[in-house]
Structure formats: C-alpha cells, structure tokens
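I have placed the structure first, in the form of structure tokens, so that the comments after it can refer back to it.
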Amino acid sequence: MTAHSRREHLIRAALEAIAYQIRDVLEMMRRDTGVAPQVLHADGGPTGNEFLMQFTADMTGIELVVSEAPESSALGAALACMLGLGLAESLQDIAAMPRSTRTYRPSMGRDKVEQLYAGWQTAVKRVL
C-alpha cells in the first residue's frame, strides 16, 4: 500500500490474501500429511467473485469447482432431510443428483505464480 492506494487496491489485496491463505493451508497439508488435493470445491458468498475464484485456482495450481448455488448449507440440510424422510434412498442417490457448477482451471504461468506467492510470504514474515 502507498499514499496513492485507493479503495480498489485494498479490495484486491483482501481478495488476493484469501487465495494466498488457501495456498498456505494446502502447502501445510502437503508438508505435514503428504496429501495433495487434485480438485478443490467451493461454495458460499465469495464464490460470486470470478477474480477471486480464478486467482485461487492460479495460486493453488488446482482445479476449483464452484457451486452455482452459493449458499449450499441450506441445500445440504434439505438433502439430509430428503434422506431422513426416505425421499432419497442413499447418499449415492443424493450424489447422483444433477448440480450446477463452474470450473476454474489454473491459467497463470507458474513463474508468475511463484513470484507472487514469494512476495506474499515475504510480506507475512515482515508482520510476524
């Protein structure tokens, strides 16, 4: 941030920080458990921001599948209710139900991704 930073710069920085933090968590998972997810799934309000979703896919290097139903918690409760009422016979029946998603695939060059992520790591070290 500089004296010339405006509202838009702050908003972009906040969005980028979300993606960087997701990458931080995935890096810890890989290091501590050896687990490396091949696909990420997302729902919730921030999924409406296409910049954030694409930047997250770029920073993580992982395909990001976003639910078109941004608030999936209510949908999950309804599906559990269907199961409980016998309207769906199994979890497999629920999993087979059609759902609308949008997929974001990494498109930024790996050199640029690593340069940006290194900048994030440097900034975090400065404040810790």
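Starting from 1 in every chain, residues are counted up; chains themselves are A, B, ... following the order of the structure tokens, and ligands are numbered from 1 as listed.
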
- Task: Run DSSP on the backbone and give me the residues of chain A it puts in helix (DSSP H, G or I), as a PyMOL selection string.
- Result: chain A and resi 7-33+45-48+50-60+72-84+91-95+110-127

Please report as a Markdown table every residue of segment 59-98 of chain A lying within 10 Å of segment 25-45 of chain A, along with the nearest atom pair and their distance in Å (one decimal), using only C-alpha atoms.
```
| residue | atom | partner | partner_atom | distance |
| --- | --- | --- | --- | --- |
| A:Thr60 | CA | A:Leu26 | CA | 7.7 |
| A:Gly61 | CA | A:Gln38 | CA | 9.1 |
| A:Ile62 | CA | A:Val39 | CA | 5.8 |
| A:Glu63 | CA | A:Val39 | CA | 5.1 |
| A:Leu64 | CA | A:Leu40 | CA | 4.8 |
| A:Val65 | CA | A:His41 | CA | 4.8 |
| A:Val66 | CA | A:Ala42 | CA | 4.8 |
| A:Ser67 | CA | A:Asp43 | CA | 5.4 |
| A:Glu68 | CA | A:Asp43 | CA | 7.9 |
| A:Ala69 | CA | A:Asp43 | CA | 7.3 |
| A:Pro70 | CA | A:Gly44 | CA | 4.6 |
| A:Glu71 | CA | A:Gly44 | CA | 5.0 |
| A:Ser72 | CA | A:Asp43 | CA | 6.3 |
| A:Ser73 | CA | A:Gly44 | CA | 8.5 |
```

- Query: Neighbours of segment 77-84 of chain A within 12 Å (only C-alpha atoms; same-chain residues fewer than 3 positions away dropped), as a PyMOL selection string?
  - Reply: chain A and resi 71-74+87-97

- Message: I need the strand (DSSP E) residues of chain A per DSSP on the backbone, written as a ChimeraX atom specification.
- Response: /A:39-42,63-67,101-104

With C-alpha atoms retained, export the selected residues as a PDB file, in the first residue's frame.
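Printed below is out_11.pdb as written:
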```pdb
ATOM      1  CA  VAL A  39      -9.534 -30.686  -7.008  1.00  0.00           C
ATOM      2  CA  LEU A  40     -10.964 -28.069  -4.654  1.00  0.00           C
ATOM      3  CA  HIS A  41     -14.695 -27.475  -4.181  1.00  0.00           C
ATOM      4  CA  ALA A  42     -16.091 -24.133  -3.048  1.00  0.00           C
ATOM      5  CA  GLU A  63      -8.813 -27.051 -10.439  1.00  0.00           C
ATOM      6  CA  LEU A  64     -11.512 -25.231  -8.471  1.00  0.00           C
ATOM      7  CA  VAL A  65     -15.124 -26.409  -8.812  1.00  0.00           C
ATOM      8  CA  VAL A  66     -17.584 -23.783  -7.613  1.00  0.00           C
ATOM      9  CA  SER A  67     -21.212 -24.468  -6.811  1.00  0.00           C
ATOM     10  CA  THR A 101     -21.073 -25.899 -11.083  1.00  0.00           C
ATOM     11  CA  ARG A 102     -18.477 -23.690 -12.673  1.00  0.00           C
ATOM     12  CA  THR A 103     -14.879 -24.839 -13.006  1.00  0.00           C
ATOM     13  CA  TYR A 104     -11.798 -22.641 -12.807  1.00  0.00           C
TER      14      TYR A 104
END
```

- Item | Non-local contacts of Ile18 of chain A (10 Å; only C-alpha atoms; under 4 positions in same chain excluded) as a list of chain:residue names |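 Residues near the query, excluding close chain neighbours: A:Ala13, A:Ala14, A:Ile22, A:Arg23, A:Asp24, A:Pro46, A:Leu52, A:Met53, A:Phe55, A:Thr56.
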
Same residues, C-alpha atoms, output as a PDB file, in the first residue's frame:
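Written file, again_27.pdb:
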```
ATOM      1  CA  ALA A  13      -5.358  -7.065  -1.740  1.00  0.00           C
ATOM      2  CA  ALA A  14      -8.030  -8.548   0.531  1.00  0.00           C
ATOM      3  CA  ILE A  22      -5.762 -21.118   0.957  1.00  0.00           C
ATOM      4  CA  ARG A  23      -2.436 -21.927  -0.683  1.00  0.00           C
ATOM      5  CA  ASP A  24      -0.700 -21.639   2.722  1.00  0.00           C
ATOM      6  CA  PRO A  46     -17.163 -15.216  -2.098  1.00  0.00           C
ATOM      7  CA  LEU A  52     -11.078 -14.487  -6.549  1.00  0.00           C
ATOM      8  CA  MET A  53     -12.009 -17.912  -7.901  1.00  0.00           C
ATOM      9  CA  PHE A  55      -6.804 -16.256  -8.666  1.00  0.00           C
ATOM     10  CA  THR A  56      -7.319 -19.103  -6.176  1.00  0.00           C
TER      11      THR A  56
END
```
